[in-house]
Every structure is written in structure tokens, then in C-alpha cells.
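Since the structure comes first, as C-alpha cells, the remarks are kept for the end.
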Amino acid sequence: EKSLGLSFKQIYGKTAYDLLPEDLANNYNKKDQELYHQKGKQIYEDIFQYADRARRNVVFYKATFDDVDHNVAGLVGIIFDISERKNMENDLRESEKKYREIASNIPGMVYQFRLSQEGDYHFPYMSEGCYTLFNLTKKEILQNPGLLFNMTNQKDTNAKQLSISDCIKFMKRWNSEFQIRTKSGEVKWIRGASSARLLPDESTLWNGVLIDATKEMKAEKALKQSEEKYRTLVDNM
């Protein structure tokens with residue numbers, strides 16, 4: 001009554017076509033006819049127009065009931081307003097869309113890495129930048145995360161595992177630089193940074209980013225070599 005702004009007497013005996021716009025009444029009638037033929041229960045989402053003419057998202061719960069001869073005598077149902085939930089879902093989708101757009105424009109790979117107490121690990125999320133960094137598709141890494149660890153040499157792998165263990169123990173930020181060799185044979189320097197948090201199941205989740213630091217590392221190496229060469233020349237003067 002409140003939803004339609006009408007009294008029980010004004011509603012009783014009326015059809016959806018008497019109370020609501022034709023487009024909505026057509027939808028409801030179609031679903032009702034389906035339920036009459038199928039019997040049982042029916043749950044679906046649709047639009048409902050309220051007394052203020054505002055249209056909101058609702059969910060219909062309907063069921064048939066039988067007469068003494070077990071024939072369908074009619075329908076009973078209830079309507080729940082889910083417009084607030086729908087608005088929250090839309091806001092969440094927009095937020096996720098913006099996050100993906102930001103992540104896709106970061107020069108590197110944005111990721112989530114989860115490690116269980118038993119030592120099992122996987123990536124709940126990673127951006128498309130993984131291919132530029134590792135020459136591996138997102139699908140390949142998600143299916144087999146060990147592919148990334150196999151790209152590092154044993155020395156870097158051991159150092160990385162120690163740094164990860166240290167971060168878990170003290171729940172501090174993880175920062176690391178390491179070399180990889182892609183499947184095409186290209187050698188790259190990767191710089192990583194992430195923050196960790198403990199989850200209710202006592203697994204650890206990292207939110208972080210990996211970037212290609214190859215040019216920077218090469219520039220630092222060239223600068224260091226130039227400085228050493230200059231010092232050698234000065235020492236020999």
C-alpha cells in the first residue's frame with residue numbers, strides 16, 4: 001500500500017495493468033504466465049515504480065498455490081527493494097574500473113600475492129603489465145605462479161625468500177631488486193615494493209608493484225665504472 005500510495009481497497013481486485021505503467025505490467029505478466037505453467041517458485045530481479053513515480057530495483061519472490069483439486073489457483077508473492085544494494089554494486093564496479101585503468105597505466109605490474117602457512121602461494125590479482133615485464137601472459141602466471149620464481153637465479157631466489165620471511169615475521173614493507181631471464185633470453189633488473197598484512201586464516205597478503213629497473217641499473221653501473229676509471233687516472237697522475 002505504502003509503495004503504491006494507495007489503500008487496500010484501491011488495490012484489491014486490480015491487476016498490474018490497472019496500477020502500474022504498461023511496460024512494467026507486461027514484464028510482470030510474462031513472468032506470472034511462466035510461473036502458472038511451471039508451478040513452484042520464482043525469484044527474479046526487475047524494476048518497480050513507486051508512488052512518487054521513482055523506479056527502483058526490486059527482487060520478486062513468487063510461488064503458486066493449488067486448489068483442492070491440485071490445480072493452480074493463484075500466486076502469492078513479496079517484493080524487496082534492492083536499489084541500495086544495486087547502487088553499491090554499481091559504485092563498486094566503477095571503483096574497480098578506475099582501479100584497473102590506473103593499474104594498466106602504471107609502468108610495471110600491480111599485483112596481490114598470497115602465501116599460506118603451508119607455503120602454498122598464488123596471485124589473486126595482477127595487472128596486464130606482467131607481459132611487458134616477464135614476457136608471460138596474465139593467464140600463464142595465474143595458472144602457474146612458479147614461472148616467475150623460475151626466472152631468477154638461485155642466489156637472487158634465496159635472497160628474495162629471506163627478505164619475504166623477514167617481512168612476514170615483522171609485518172614490514174618488502175623492497176627488493178633482482179635479476180630475471182625471460183623465456184626469450186632477455187636479462188632484466190626488476191625492482192619490487194609491497195606491503196603485507198595478515199589475513200584471518202593466518203595467510204599473508206601482499207599488495208605491491210614490480211617495475212623494470214634495467215635502464216636505471218645499467219646507468220648506475222656505467223656511472224660507477226666511469227667514476228672508477230676517473231679515480232684510476234687521478235691515482236696514476
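Letters A, B, ... go to the chains of the C-alpha cells in the order shown; residues in each chain start at 1; ligands are counted from 1 in the same order.
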Next on the checklist: Quick one: residues within 6 Å of segment 50-67 of chain A, only C-alpha atoms, excluding same-chain residues fewer than 2 positions away - as a ChimeraX atom specification?
Outcome noted: /A:3-5,39-48,69-83
Checklist entry - DSSP on the backbone: what in chain A comes out alpha helix (DSSP H), as an MDAnalysis selection string? => result chainID A and resid 8:11 16:19 22:38 83:104 130:134 138:143 146:149 154:170 214:235
Checklist entry - So which residues touch Arg181 of chain A within 9 Å, counting only C-alpha atoms, skipping near sequence neighbours fewer than 4 positions away, as number ranges by chain? => result A: 134, 150-153, 185-188
So that I have them on file, write out the residues from the current selection with C-alpha atoms, as a PDB file, in the first residue's frame.
```
ATOM      1  CA  PHE A 134      58.116 -11.033 -17.909  1.00  0.00           C
ATOM      2  CA  ASN A 150      61.993 -19.788 -12.044  1.00  0.00           C
ATOM      3  CA  MET A 151      63.208 -16.696 -13.902  1.00  0.00           C
ATOM      4  CA  THR A 152      65.550 -15.619 -11.093  1.00  0.00           C
ATOM      5  CA  ASN A 153      68.938 -17.184 -10.433  1.00  0.00           C
ATOM      6  CA  GLY A 185      66.681 -14.955 -23.022  1.00  0.00           C
ATOM      7  CA  GLU A 186      66.456 -11.253 -22.195  1.00  0.00           C
ATOM      8  CA  VAL A 187      68.033 -10.277 -18.859  1.00  0.00           C
ATOM      9  CA  LYS A 188      66.236  -7.628 -16.814  1.00  0.00           C
TER      10      LYS A 188
END
```
Checklist entry - What is the distance between atom CA of Asn27 of chain A and atom CA of Lys14 of chain A, in Å to one decimal? => result 16.4 Å
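Going from atom CA of Ile141 of chain A over to atom CA of Lys218 of chain A, you cover 27.2 Å.
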Checklist entry - With only C-alpha atoms as the atoms that count, which of A:Met109, A:Leu6, A:Val68, A:Leu147 lies nearest to Val209 of chain A? => result A:Met109
